[in-house]
$ cat final_1.tsv   # TSV, C-alpha atoms
chain	number	residue	atom	x	y	z
K	11	MET	CA	23.72	3.96	-35.50
K	12	SER	CA	20.61	4.87	-33.51
K	13	LYS	CA	18.51	7.78	-32.35
K	14	ALA	CA	18.88	6.59	-28.80
K	15	ASP	CA	21.95	8.76	-28.20
K	16	ASN	CA	19.73	11.79	-28.65
K	17	GLN	CA	17.10	10.66	-26.15
K	18	PRO	CA	16.95	12.22	-22.70
K	19	LEU	CA	18.38	10.09	-19.94
K	20	ASP	CA	15.26	10.24	-17.77
K	21	PHE	CA	14.22	6.92	-19.31
K	22	ILE	CA	16.42	4.19	-20.81
K	23	PRO	CA	14.40	1.97	-23.17
K	24	PHE	CA	14.61	-1.79	-22.92
K	25	SER	CA	15.53	-2.01	-26.62
K	26	VAL	CA	16.06	0.33	-29.57
K	27	PRO	CA	16.60	-0.96	-33.14
K	28	ALA	CA	20.06	-0.24	-34.53
K	29	VAL	CA	18.84	1.24	-37.81
K	30	GLY	CA	20.79	3.83	-39.79
K	31	GLN	CA	20.75	5.69	-43.08
K	32	GLU	CA	21.85	2.60	-45.02
K	33	GLU	CA	18.64	0.79	-44.09
K	34	LYS	CA	16.55	3.82	-45.00
K	35	ASP	CA	18.26	4.07	-48.38
K	36	ALA	CA	17.68	0.36	-49.07
K	37	VAL	CA	13.97	0.60	-48.23
K	38	LEU	CA	13.53	3.72	-50.38
K	39	ARG	CA	15.35	2.05	-53.25
K	40	VAL	CA	12.81	-0.79	-53.22
K	41	MET	CA	9.90	1.62	-52.86
K	42	ASP	CA	11.13	3.55	-55.88
K	43	SER	CA	11.53	0.33	-57.91
K	44	GLY	CA	7.78	-0.15	-58.33
K	45	TRP	CA	7.89	-3.65	-56.78
K	46	LEU	CA	7.34	-3.92	-53.02
K	47	THR	CA	6.47	-7.54	-52.29
K	48	THR	CA	8.56	-10.71	-52.48
K	49	ALA	CA	10.98	-10.90	-55.40
K	50	LYS	CA	14.70	-10.43	-56.04
K	51	GLU	CA	15.53	-8.69	-52.74
K	52	ALA	CA	14.06	-11.55	-50.72
K	53	LEU	CA	15.84	-14.10	-52.89
K	54	ALA	CA	19.14	-12.26	-52.45
K	55	PHE	CA	18.58	-12.04	-48.69
K	56	GLU	CA	18.01	-15.80	-48.56
K	57	GLN	CA	21.22	-16.51	-50.47
K	58	GLU	CA	23.28	-14.08	-48.40
K	59	PHE	CA	21.92	-15.38	-45.11
K	60	ALA	CA	22.55	-18.99	-46.12
K	61	GLY	CA	26.09	-18.01	-47.05
K	62	PHE	CA	26.59	-16.31	-43.68
K	63	VAL	CA	25.50	-19.26	-41.52
K	64	GLY	CA	26.69	-21.91	-43.95
K	65	GLY	CA	30.36	-21.02	-44.27
K	66	ALA	CA	33.21	-23.48	-43.90
K	67	GLN	CA	32.02	-24.70	-40.50
K	68	GLY	CA	28.43	-25.09	-41.65
K	69	GLU	CA	29.38	-27.05	-44.75
K	70	ALA	CA	31.68	-29.29	-42.72
K	71	SER	CA	28.75	-30.20	-40.46
K	72	GLY	CA	26.59	-31.74	-43.14
K	73	GLY	CA	26.00	-30.09	-46.51
K	74	GLU	CA	24.70	-26.98	-48.23
K	75	ILE	CA	22.29	-24.81	-46.28
K	76	LYS	CA	19.14	-23.50	-47.97
K	77	ALA	CA	17.28	-20.51	-46.53
K	78	LEU	CA	13.66	-19.39	-46.83
K	79	ALA	CA	12.63	-15.85	-45.86
K	80	VAL	CA	9.30	-15.66	-44.01
K	81	ASN	CA	7.14	-12.96	-42.49
K	82	SER	CA	7.87	-14.08	-38.91
K	83	ALA	CA	9.71	-16.74	-36.94
K	84	THR	CA	6.28	-17.95	-35.80
K	85	SER	CA	5.36	-18.69	-39.42
K	86	GLY	CA	8.72	-20.37	-39.86
K	87	LEU	CA	8.11	-22.66	-36.89
K	88	GLN	CA	4.70	-23.65	-38.24
K	89	LEU	CA	6.22	-24.58	-41.59
K	90	ALA	CA	9.03	-26.49	-39.89
K	91	TYR	CA	6.68	-28.45	-37.64
K	92	GLN	CA	4.46	-29.36	-40.57
K	93	ALA	CA	7.48	-30.49	-42.59
K	94	CYS	CA	8.30	-32.87	-39.71
K	95	GLY	CA	4.81	-34.38	-39.83
K	96	VAL	CA	2.87	-32.38	-37.25
K	97	GLY	CA	-0.76	-31.86	-38.28
K	98	PHE	CA	-3.67	-33.71	-39.87
K	99	ASP	CA	-3.49	-34.83	-43.50
K	100	TRP	CA	-6.14	-32.31	-44.48
K	101	VAL	CA	-3.86	-29.51	-43.29
K	102	SER	CA	-1.07	-30.52	-45.67
K	103	GLY	CA	-3.39	-31.45	-48.52
K	104	GLY	CA	-1.91	-34.91	-48.79
K	105	ILE	CA	1.73	-33.84	-49.15
K	106	SER	CA	4.49	-33.92	-46.57
K	107	ALA	CA	8.23	-33.54	-46.54
K	108	SER	CA	8.88	-37.18	-45.65
K	109	GLY	CA	5.93	-38.73	-47.45
K	110	LYS	CA	4.84	-40.46	-44.23
K	111	LYS	CA	1.17	-40.69	-43.34
K	112	TYR	CA	0.00	-40.47	-39.74
K	113	SER	CA	-3.30	-41.32	-38.08
K	114	THR	CA	-2.86	-38.61	-35.44
K	115	PRO	CA	-1.63	-34.99	-35.68
K	116	GLY	CA	1.40	-35.65	-33.47
K	117	LYS	CA	3.22	-33.41	-31.03
K	118	ILE	CA	6.31	-31.30	-30.56
K	119	LEU	CA	8.61	-31.51	-27.53
K	120	THR	CA	9.88	-28.18	-26.22
K	121	THR	CA	10.54	-26.12	-23.10
K	122	PRO	CA	7.97	-24.18	-21.05
K	123	TYR	CA	10.53	-21.35	-20.76
K	124	THR	CA	10.03	-19.64	-24.11
K	125	PHE	CA	7.66	-17.28	-25.89
K	126	ALA	CA	4.17	-18.68	-26.52
K	127	SER	CA	4.57	-19.07	-30.28
K	128	THR	CA	7.05	-21.92	-29.89
K	129	ALA	CA	4.01	-23.94	-28.79
K	130	THR	CA	1.10	-22.20	-30.50
K	131	ALA	CA	2.66	-22.75	-33.93
K	132	ALA	CA	1.99	-26.45	-33.33
K	133	CYS	CA	-1.52	-25.73	-32.09
K	134	HIS	CA	-2.38	-24.03	-35.40
K	135	LEU	CA	-1.64	-27.35	-37.11
K	136	GLY	CA	-3.85	-29.29	-34.71
K	137	GLY	CA	-0.78	-30.72	-33.02
K	138	GLY	CA	0.03	-31.17	-29.34
K	139	VAL	CA	2.87	-29.99	-27.14
K	140	VAL	CA	4.94	-31.99	-24.65
K	141	TYR	CA	7.26	-30.15	-22.27
K	142	ALA	CA	10.66	-30.83	-20.71
K	143	ASP	CA	12.00	-28.70	-17.86
K	144	VAL	CA	15.02	-26.42	-18.23
K	145	GLU	CA	18.45	-27.21	-16.84
K	146	ALA	CA	18.99	-26.68	-13.12
K	147	ASP	CA	21.66	-24.02	-13.70
K	148	GLY	CA	20.29	-22.24	-16.76
K	149	TYR	CA	17.39	-21.37	-19.04
K	150	ASN	CA	17.79	-23.94	-21.84
K	151	ILE	CA	16.00	-27.27	-22.15
K	152	ASP	CA	17.47	-30.17	-20.17
K	153	PRO	CA	18.70	-32.98	-22.48
K	154	ALA	CA	18.00	-35.61	-19.80
K	155	GLN	CA	14.39	-34.46	-19.67
K	156	VAL	CA	14.23	-34.57	-23.47
K	157	GLU	CA	15.20	-38.25	-23.48
K	158	ARG	CA	12.71	-39.03	-20.72
K	159	ARG	CA	9.84	-37.47	-22.67
K	160	LEU	CA	10.85	-39.17	-25.94
K	161	ALA	CA	10.91	-42.53	-24.19
K	162	GLN	CA	7.43	-41.90	-22.79
K	163	ASP	CA	5.63	-40.49	-25.84
K	164	LYS	CA	5.79	-41.99	-29.33
K	165	GLU	CA	3.66	-39.22	-30.83
K	166	ILE	CA	6.47	-36.64	-30.67
K	167	ARG	CA	7.41	-35.64	-34.23
K	168	ALA	CA	9.90	-32.84	-33.51
K	169	VAL	CA	12.24	-31.89	-30.67
K	170	VAL	CA	12.34	-28.08	-30.38
K	171	PRO	CA	15.24	-26.70	-28.31
K	172	VAL	CA	15.11	-22.93	-27.75
K	173	HIS	CA	18.39	-21.01	-27.47
K	174	ILE	CA	17.29	-18.63	-24.73
K	175	ALA	CA	18.92	-15.17	-24.77
K	176	GLY	CA	21.24	-16.34	-27.56
K	177	LEU	CA	23.09	-19.05	-25.60
K	178	PRO	CA	22.95	-22.30	-27.63
K	179	CYS	CA	21.46	-25.38	-26.04
K	180	ASN	CA	23.51	-28.56	-25.60
K	181	MET	CA	22.96	-29.47	-29.24
K	182	ASP	CA	25.44	-32.36	-29.37
K	183	GLU	CA	23.53	-34.23	-26.71
K	184	ILE	CA	20.06	-33.18	-27.89
K	185	CYS	CA	20.72	-34.18	-31.50
K	186	ALA	CA	22.18	-37.53	-30.42
K	187	ILE	CA	19.14	-38.26	-28.26
K	188	ALA	CA	16.69	-37.22	-30.99
K	189	ALA	CA	18.51	-39.40	-33.54
K	190	LYS	CA	18.28	-42.35	-31.17
K	191	TYR	CA	14.48	-42.05	-31.28
K	192	GLY	CA	14.31	-41.12	-34.97
K	193	VAL	CA	12.85	-37.66	-34.31
K	194	PRO	CA	14.02	-34.53	-36.18
K	195	VAL	CA	15.29	-31.44	-34.35
K	196	VAL	CA	13.81	-28.00	-35.08
K	197	GLU	CA	15.90	-25.26	-33.49
K	198	ASP	CA	13.98	-22.23	-32.27
K	199	ALA	CA	16.88	-19.90	-32.99
K	200	ALA	CA	14.85	-16.69	-32.62
K	201	HIS	CA	17.46	-15.36	-30.17
K	202	ALA	CA	20.47	-17.11	-31.62
K	203	PHE	CA	21.93	-14.99	-34.37
K	204	PRO	CA	24.83	-14.84	-34.81
K	205	SER	CA	25.57	-17.73	-32.40
K	206	LYS	CA	28.75	-19.23	-33.80
K	207	THR	CA	29.76	-22.46	-32.07
K	208	LYS	CA	32.60	-24.90	-32.69
K	209	ASN	CA	30.19	-26.98	-34.79
K	210	GLY	CA	28.71	-24.13	-36.80
K	211	TYR	CA	26.02	-21.54	-36.25
K	212	ALA	CA	23.08	-22.26	-33.97
K	213	GLY	CA	20.10	-22.78	-36.24
K	214	THR	CA	22.16	-25.04	-38.53
K	215	LEU	CA	22.96	-27.76	-35.99
K	216	GLY	CA	19.63	-29.60	-36.12
K	217	ASP	CA	17.42	-30.59	-39.04
K	218	ILE	CA	15.71	-27.19	-39.38
K	219	GLY	CA	16.49	-23.84	-37.76
K	220	VAL	CA	14.19	-20.84	-37.47
K	221	TYR	CA	15.47	-17.29	-36.86
K	222	SER	CA	13.62	-14.09	-35.94
K	223	PHE	CA	14.19	-10.59	-37.31
K	224	TYR	CA	11.75	-8.88	-34.94
K	225	ALA	CA	12.57	-5.32	-33.94
K	226	THR	CA	14.48	-6.30	-30.78
K	227	LYS	CA	16.70	-8.92	-32.43
K	228	THR	CA	20.40	-8.56	-33.31
K	229	ILE	CA	19.43	-7.91	-36.92
K	230	THR	CA	15.94	-6.79	-37.80
K	231	THR	CA	13.56	-6.41	-40.73
K	232	ALA	CA	10.94	-4.92	-38.36
K	233	GLU	CA	8.96	-8.16	-38.72
K	234	GLY	CA	10.29	-11.28	-40.37
K	235	GLY	CA	12.28	-14.45	-40.04
K	236	MET	CA	14.37	-17.06	-41.84
K	237	ILE	CA	14.23	-20.85	-42.03
K	238	CYS	CA	17.42	-22.80	-42.70
K	239	THR	CA	17.82	-26.48	-43.53
K	240	LYS	CA	20.25	-28.82	-45.27
K	241	ASN	CA	17.46	-31.27	-46.10
K	242	PRO	CA	16.20	-30.77	-49.69
K	243	GLU	CA	12.85	-32.46	-48.97
K	244	TYR	CA	12.16	-30.13	-46.05
K	245	HIS	CA	13.22	-27.14	-48.14
K	246	LYS	CA	10.95	-28.04	-51.06
K	247	PHE	CA	7.98	-28.71	-48.79
K	248	MET	CA	8.33	-25.48	-46.81
K	249	SER	CA	8.94	-23.44	-49.96
K	250	THR	CA	5.68	-24.72	-51.46
K	251	MET	CA	3.64	-24.24	-48.29
K	252	ARG	CA	5.09	-20.78	-47.64
K	253	MET	CA	3.35	-19.33	-50.71
K	254	HIS	CA	-0.24	-20.64	-50.98
K	255	GLY	CA	0.83	-24.20	-51.81
K	256	ILE	CA	1.74	-23.13	-55.34
K	257	ASP	CA	3.91	-25.68	-57.13
K	258	ARG	CA	6.52	-23.27	-58.52
K	259	PRO	CA	7.97	-19.79	-57.93
K	260	VAL	CA	5.60	-17.24	-59.46
K	261	TRP	CA	6.99	-13.97	-58.14
K	262	ASN	CA	7.99	-12.74	-61.59
K	263	ARG	CA	4.68	-13.36	-63.34
K	264	TYR	CA	3.73	-9.67	-63.25
K	265	THR	CA	7.09	-8.25	-64.31
K	266	SER	CA	8.58	-10.62	-66.90
K	267	GLU	CA	7.42	-10.94	-70.49
K	268	LYS	CA	8.62	-14.56	-70.49
K	269	ALA	CA	7.04	-15.65	-67.21
K	270	SER	CA	4.15	-18.04	-67.52
K	271	TRP	CA	0.86	-17.24	-65.81
K	272	GLU	CA	0.19	-20.93	-65.30
K	273	TYR	CA	0.59	-22.60	-61.93
K	274	ASP	CA	-1.04	-25.25	-59.78
K	275	VAL	CA	-2.05	-25.22	-56.11
K	276	VAL	CA	-1.03	-28.62	-54.72
K	277	ALA	CA	-1.86	-27.98	-51.03
K	278	PRO	CA	-3.66	-25.40	-48.86
K	279	GLY	CA	-0.58	-23.34	-48.15
K	280	TYR	CA	-0.07	-20.04	-46.37
K	281	LYS	CA	0.84	-16.42	-47.05
K	282	PHE	CA	4.11	-16.50	-45.08
K	283	ASN	CA	6.49	-14.75	-47.51
K	284	LEU	CA	8.77	-11.79	-46.63
K	285	PRO	CA	8.27	-8.72	-48.88
K	286	ASP	CA	11.18	-7.08	-50.65
K	287	VAL	CA	10.80	-3.79	-48.80
K	288	LEU	CA	11.67	-5.62	-45.55
K	289	ALA	CA	14.21	-7.97	-47.11
K	290	ALA	CA	16.19	-4.98	-48.37
K	291	MET	CA	16.50	-3.76	-44.79
K	292	GLY	CA	17.58	-7.23	-43.72
K	293	ARG	CA	20.35	-7.36	-46.29
K	294	VAL	CA	21.88	-4.20	-44.88
K	295	GLN	CA	21.48	-5.43	-41.32
K	296	LEU	CA	23.18	-8.71	-42.24
K	297	GLN	CA	26.26	-6.78	-43.36
K	298	LYS	CA	26.38	-5.21	-39.88
K	299	ALA	CA	25.69	-8.43	-37.97
K	300	ASP	CA	29.20	-8.93	-36.64
K	301	LEU	CA	29.48	-5.29	-35.57
K	302	LEU	CA	26.10	-5.34	-33.84
K	303	PHE	CA	27.03	-8.57	-32.06
K	304	GLN	CA	30.34	-7.13	-30.86
K	305	GLN	CA	28.53	-4.09	-29.46
K	306	ARG	CA	26.15	-6.34	-27.54
K	307	LYS	CA	29.03	-8.44	-26.25
K	308	ALA	CA	30.91	-5.35	-25.07
K	309	ILE	CA	27.91	-4.16	-23.05
K	310	ALA	CA	27.43	-7.66	-21.61
K	311	GLN	CA	31.06	-7.68	-20.48
K	312	GLN	CA	30.60	-4.34	-18.72
K	313	TYR	CA	27.47	-5.64	-16.99
K	314	ASN	CA	29.19	-8.87	-15.99
K	315	GLN	CA	32.18	-7.07	-14.55
K	316	ALA	CA	30.02	-4.61	-12.62
K	317	PHE	CA	27.66	-7.23	-11.15
K	318	ALA	CA	30.23	-9.98	-10.48
K	319	ASP	CA	30.76	-8.92	-6.85
K	320	CYS	CA	27.06	-8.40	-6.10
K	321	ASP	CA	26.07	-11.48	-4.15
K	322	PHE	CA	22.41	-10.46	-4.38
K	323	LEU	CA	22.55	-11.07	-8.14
K	324	GLN	CA	23.31	-14.09	-10.30
K	325	LEU	CA	24.91	-13.44	-13.68
K	326	PRO	CA	23.49	-14.87	-16.92
K	327	PRO	CA	24.85	-18.24	-18.03
K	328	ASP	CA	27.53	-17.98	-20.70
K	329	GLY	CA	29.22	-20.40	-23.06
K	330	ASP	CA	30.23	-21.31	-26.61
K	331	GLY	CA	28.46	-19.22	-29.24
K	332	ASN	CA	26.53	-16.87	-26.94
K	333	ALA	CA	24.88	-14.24	-29.18
K	334	TRP	CA	23.91	-12.07	-26.17
K	335	HIS	CA	20.44	-11.28	-27.47
K	336	LEU	CA	19.22	-10.61	-23.92
K	337	TYR	CA	20.94	-9.81	-20.64
K	338	ILE	CA	19.00	-11.78	-18.02
K	339	LEU	CA	19.90	-11.28	-14.37
K	340	ARG	CA	18.58	-13.22	-11.39
K	341	VAL	CA	17.98	-11.81	-7.94
K	342	VAL	CA	19.07	-13.98	-5.01
K	343	PRO	CA	15.95	-13.83	-2.77
K	344	GLU	CA	17.69	-14.70	0.48
K	345	LYS	CA	20.01	-11.71	0.05
K	346	LEU	CA	17.33	-9.05	-0.51
K	347	LYS	CA	14.42	-7.54	1.36
K	348	LEU	CA	12.56	-7.22	-1.94
K	349	SER	CA	10.97	-9.81	-4.21
K	350	ARG	CA	11.85	-9.89	-7.90
K	351	ASN	CA	8.65	-8.02	-8.71
K	352	GLU	CA	9.34	-5.32	-6.11
K	353	PHE	CA	12.96	-5.02	-7.23
K	354	THR	CA	12.05	-4.57	-10.89
K	355	GLN	CA	9.24	-2.15	-10.08
K	356	LYS	CA	11.78	0.11	-8.40
K	357	LEU	CA	14.06	-0.20	-11.42
K	358	GLN	CA	11.19	0.96	-13.61
K	359	GLU	CA	10.46	3.83	-11.24
K	360	ALA	CA	14.12	4.82	-11.60
K	361	GLY	CA	13.70	5.04	-15.39
K	362	LEU	CA	14.94	1.66	-16.64
K	363	GLY	CA	12.94	-0.18	-19.29
K	364	ILE	CA	13.20	-3.73	-17.98
K	365	SER	CA	11.40	-6.87	-19.21
K	366	MET	CA	10.67	-10.48	-18.17
K	367	HIS	CA	11.92	-13.45	-20.20
K	368	PHE	CA	9.86	-15.51	-20.06
K	369	ILE	CA	6.47	-16.11	-18.52
K	370	PRO	CA	6.48	-19.94	-18.58
K	371	HIS	CA	3.77	-21.71	-20.51
K	372	PHE	CA	2.30	-23.25	-17.38
K	373	ARG	CA	1.34	-19.70	-16.32
K	374	LEU	CA	-0.40	-18.86	-19.61
K	375	SER	CA	-4.07	-19.80	-19.40
K	376	TYR	CA	-4.57	-21.24	-22.90
K	377	LEU	CA	-1.51	-23.48	-22.81
K	378	ARG	CA	-1.98	-24.41	-19.16
K	379	GLN	CA	-5.58	-25.49	-19.73
K	380	THR	CA	-5.07	-27.10	-23.13
K	381	PHE	CA	-2.15	-29.28	-22.07
K	382	GLY	CA	-2.92	-29.66	-18.36
K	383	LEU	CA	0.28	-27.96	-17.23
K	384	ASN	CA	1.30	-27.65	-13.59
K	385	ALA	CA	4.19	-25.51	-12.33
K	386	ALA	CA	5.19	-28.25	-9.89
K	387	ASP	CA	6.20	-30.45	-12.84
K	388	TYR	CA	8.74	-27.85	-14.00
K	389	PRO	CA	10.53	-26.68	-10.84
K	390	ASN	CA	13.60	-25.27	-12.59
K	391	ALA	CA	11.54	-23.15	-14.99
K	392	GLN	CA	9.44	-21.92	-12.07
K	393	LYS	CA	12.56	-20.85	-10.15
K	394	ARG	CA	13.94	-19.03	-13.18
K	395	PHE	CA	10.66	-17.19	-13.64
K	396	GLU	CA	10.40	-16.12	-9.99
K	397	THR	CA	13.86	-14.57	-9.89
K	398	SER	CA	14.79	-13.40	-13.42
K	399	PHE	CA	14.53	-10.09	-15.24
K	400	SER	CA	16.11	-8.52	-18.33
K	401	LEU	CA	17.99	-5.21	-18.39
K	402	PRO	CA	18.12	-2.58	-21.15
K	403	PHE	CA	20.52	-4.05	-23.69
K	404	TRP	CA	21.00	-2.99	-27.32
K	405	PRO	CA	23.67	-1.81	-29.77
K	406	GLY	CA	23.97	1.94	-29.68
K	407	MET	CA	23.54	2.34	-25.92
K	408	SER	CA	25.74	5.21	-24.84
K	409	GLN	CA	28.35	4.69	-22.15
K	410	GLU	CA	26.37	7.05	-19.96
K	411	MET	CA	23.30	4.84	-20.31
K	412	VAL	CA	25.25	1.67	-19.52
K	413	GLU	CA	26.76	3.22	-16.42
K	414	ARG	CA	23.40	4.50	-15.26
K	415	VAL	CA	21.87	1.02	-15.60
K	416	ILE	CA	24.74	-0.45	-13.59
K	417	ASP	CA	24.62	2.22	-10.89
K	418	THR	CA	20.84	1.93	-10.52
K	419	VAL	CA	20.89	-1.86	-10.13
K	420	VAL	CA	23.85	-1.88	-7.72
K	421	GLN	CA	22.54	0.94	-5.54
K	422	LEU	CA	19.08	-0.59	-5.35
K	423	GLY	CA	20.57	-3.90	-4.25
K	424	ARG	CA	22.69	-2.24	-1.60
K	425	THR	CA	19.75	-0.21	-0.31
K	426	TYR	CA	17.58	-3.29	0.17
K	427	TYR	CA	20.32	-5.77	1.04
K	428	GLY	CA	19.61	-8.34	3.73
K	429	ASN	CA	16.60	-10.44	4.59
$ encode --input "final_1.tsv" --output "structure tokens"
Amino acid sequence: MSKADNQPLDFIPFSVPAVGQEEKDAVLRVMDSGWLTTAKEALAFEQEFAGFVGGAQGEASGGEIKALAVNSATSGLQLAYQACGVGFDWVSGGISASGKKYSTPGKILTTPYTFASTATAACHLGGGVVYADVEADGYNIDPAQVERRLAQDKEIRAVVPVHIAGLPCNMDEICAIAAKYGVPVVEDAAHAFPSKTKNGYAGTLGDIGVYSFYATKTITTAEGGMICTKNPEYHKFMSTMRMHGIDRPVWNRYTSEKASWEYDVVAPGYKFNLPDVLAAMGRVQLQKADLLFQQRKAIAQQYNQAFADCDFLQLPPDGDGNAWHLYILRVVPEKLKLSRNEFTQKLQEAGLGISMHFIPHFRLSYLRQTFGLNAADYPNAQKRFETSFSLPFWPGMSQEMVERVIDTVVQLGRTYYGN
């Protein structure tokens, strides 16, 4: 599955893509075809992905799912926000998914505990960002805070819950609150594939869902993403804007004798399409999605069992539909002589490739200054940031690697136990 098994054990990477010969063969097949950019492979990937997340449960929850392949989840979020009405009229060229006209660019409502692009995708449209703190016992956005912000600010055009580490947010409550205020829900599902809940897959529970296929994700196209929606107006709008604002599909105009060269540009769209050479890789990865998820889950279970009796650590939250994209531990400061930063530095010195998820937006200078953010307004996110870190965690990790990660963390905690 991966080259990682052949790597020396002096360093365990934070993440290694689970790419095999099948992916290589698919990419070479497209390269040999003479057509590299967006065409039939991307279209097939869209249909197959929509079929995956829109099975019996998805259809039961509200209709047929349509998917749009994009070059990144960031691009997908920008398209989704614009479809919901974020941005000035000149940005959309006079068209919008709903047909509504606004006198202001509007805002999104999201969490400060996410990657920067959840917010900056709105900034590119000229829109603003409003924040709600995370839950007291987890990393996901607090529904009570969502309602409070919606009641306070009538310029919010999209609620954007982020399924941190692959654990779905409380979507029943969030969607009910958003519906009460007439605001659509855009799921940042970058971590949440395949997050299968009792109501369907995360990313299909709101009005629009955006997935990431970055190199560290459960399935990857190296770079890329997918947008899913059941709303035909949103789908049409985002499809047009994804490819230069052209009013019809034109991908076959260079290869078909019957294809017309005529088209119209109806809005200043973007170049957000996913090329075939990457989509072919994604199609293979999609066939392995369940296997890759089960491998992640198995490693998470080993970690959970090993760390359950370590009172200097707090296990990741778990629940319905957890995709286990990340394994985020928390140190318990009063039990250790080391801070989180000192603890993780020693893990790195011992050869573990750890990471931090996430640096909250109120600690990022652009977002802090632009939106006047203060850590004191988001105490739960601040606590998560001060104590959390992510362990090496990817399909294809050998048992020896998993055991070494466990032993290193446990021994370090025992060495520096007490305060």
$ residues_around --input "final_1.tsv" --residues "K:Leu119" --least-positions-apart "4" --cutoff "7 Å" --atoms "all atoms listed in the file" --output "list in words"
Val139, Val140, Tyr141, Ile166, Ala168, Val169 and Val170 of chain K
$ write_last_selection --input "final_1.tsv" --atoms "C-alpha atoms" --output "short mmCIF file (atom, residue, chain, number, x, y, z; two decimals), in the frame of the given file"
data_model
loop_
_atom_site.label_atom_id
_atom_site.label_comp_id
_atom_site.auth_asym_id
_atom_site.auth_seq_id
_atom_site.Cartn_x
_atom_site.Cartn_y
_atom_site.Cartn_z
CA VAL K 139 2.87 -29.99 -27.14
CA VAL K 140 4.94 -31.99 -24.65
CA TYR K 141 7.26 -30.15 -22.27
CA ILE K 166 6.47 -36.64 -30.67
CA ALA K 168 9.90 -32.84 -33.51
CA VAL K 169 12.24 -31.89 -30.67
CA VAL K 170 12.34 -28.08 -30.38
#
$ residues_near_point --input "final_1.tsv" --point "(16.0, -8.5, -12.8)" --cutoff "7 Å" --atoms "only C-alpha atoms" --output "compact mmCIF listing (two decimals) with C-alpha atoms, keeping the file's coordinate frame"
# COMPACT_ATOMS: atom_id res chain seq x y z
CA ILE K 338 19.00 -11.78 -18.02
CA LEU K 339 19.90 -11.28 -14.37
CA ARG K 340 18.58 -13.22 -11.39
CA VAL K 341 17.98 -11.81 -7.94
CA ARG K 350 11.85 -9.89 -7.90
CA THR K 354 12.05 -4.57 -10.89
CA SER K 398 14.79 -13.40 -13.42
CA PHE K 399 14.53 -10.09 -15.24
CA SER K 400 16.11 -8.52 -18.33
CA LEU K 401 17.99 -5.21 -18.39
$ atom_distance --input "final_1.tsv" --atom1 "atom CA of K:Glu344" --atom2 "atom CA of K:Phe322"
8.0 Å
$ atom_distance --input "final_1.tsv" --atom1 "atom CA of K:Ala308" --atom2 "atom CA of K:Trp334"
9.8 Å
$ residues_around --input "final_1.tsv" --residues "K:Asn351" --least-positions-apart "5" --cutoff "9 Å" --atoms "only C-alpha atoms" --output "list in words"
Lys356, Glu396 and Thr397 of chain K
$ atom_distance --input "final_1.tsv" --atom1 "atom CA of K:Asp274" --atom2 "atom CA of K:Arg258"
7.9 Å
$ residues_around --input "final_1.tsv" --residues "K:Gly255" --least-positions-apart "6" --cutoff "8 Å" --atoms "all atoms listed in the file" --output "PDB file with C-alpha atoms, keeping the file's coordinate frame"
ATOM      1  CA  VAL K 275      -2.050 -25.220 -56.110  1.00  0.00           C
ATOM      2  CA  VAL K 276      -1.030 -28.620 -54.720  1.00  0.00           C
ATOM      3  CA  ALA K 277      -1.860 -27.980 -51.030  1.00  0.00           C
ATOM      4  CA  PRO K 278      -3.660 -25.400 -48.860  1.00  0.00           C
ATOM      5  CA  GLY K 279      -0.580 -23.340 -48.150  1.00  0.00           C
ATOM      6  CA  TYR K 280      -0.070 -20.040 -46.370  1.00  0.00           C
TER       7      TYR K 280
END
$ residues_around --input "final_1.tsv" --residues "stretch 281-292 of chain K" --least-positions-apart "5" --cutoff "6 Å" --atoms "all atoms listed in the file" --output "PyMOL selection string"
chain K and resi 33+36-37+40+46-48+51-52+79-81+231+252-254
$ closest_residue --input "final_1.tsv" --among "K:Gly235, K:Pro389, K:Gly382, K:Pro327" --to "K:Pro178" --atoms "all atoms listed in the file"
K:Pro327
$ closest_residue --input "final_1.tsv" --among "K:Leu383, K:Ala360, K:Ala54, K:Val220" --to "K:Ala142" --atoms "only C-alpha atoms"
K:Leu383
$ axis_aligned_box --input "final_1.tsv" --around "stretch 148-157 of chain K" --padding-each-side "4 Å" --output "JSON"
{"center_x": 17.3, "center_y": -29.8, "center_z": -20.1, "size_x": 14.1, "size_y": 24.9, "size_z": 14.7}
$ residues_around --input "final_1.tsv" --residues "K:Ala232" --least-positions-apart "3" --cutoff "8 Å" --atoms "only C-alpha atoms" --output "JSON, numbers by chain"
{"K": [223, 224, 225, 288]}
$ residues_near_point --input "final_1.tsv" --point "(16.7, -37.0, -32.4)" --cutoff "10 Å" --atoms "all atoms listed in the file" --output "JSON, numbers by chain"
{"K": [156, 157, 160, 167, 168, 169, 183, 184, 185, 186, 187, 188, 189, 190, 191, 192, 193, 194, 195, 196, 216, 217]}
$ closest_residue --input "final_1.tsv" --among "K:Gln358, K:Thr121, K:Asn209, K:Gln421" --to "K:Asp387" --atoms "only C-alpha atoms"
K:Thr121
$ closest_residue --input "final_1.tsv" --among "K:Lys347, K:Arg424, K:Lys307, K:Lys76" --to "K:Cys238" --atoms "all atoms listed in the file"
K:Lys76
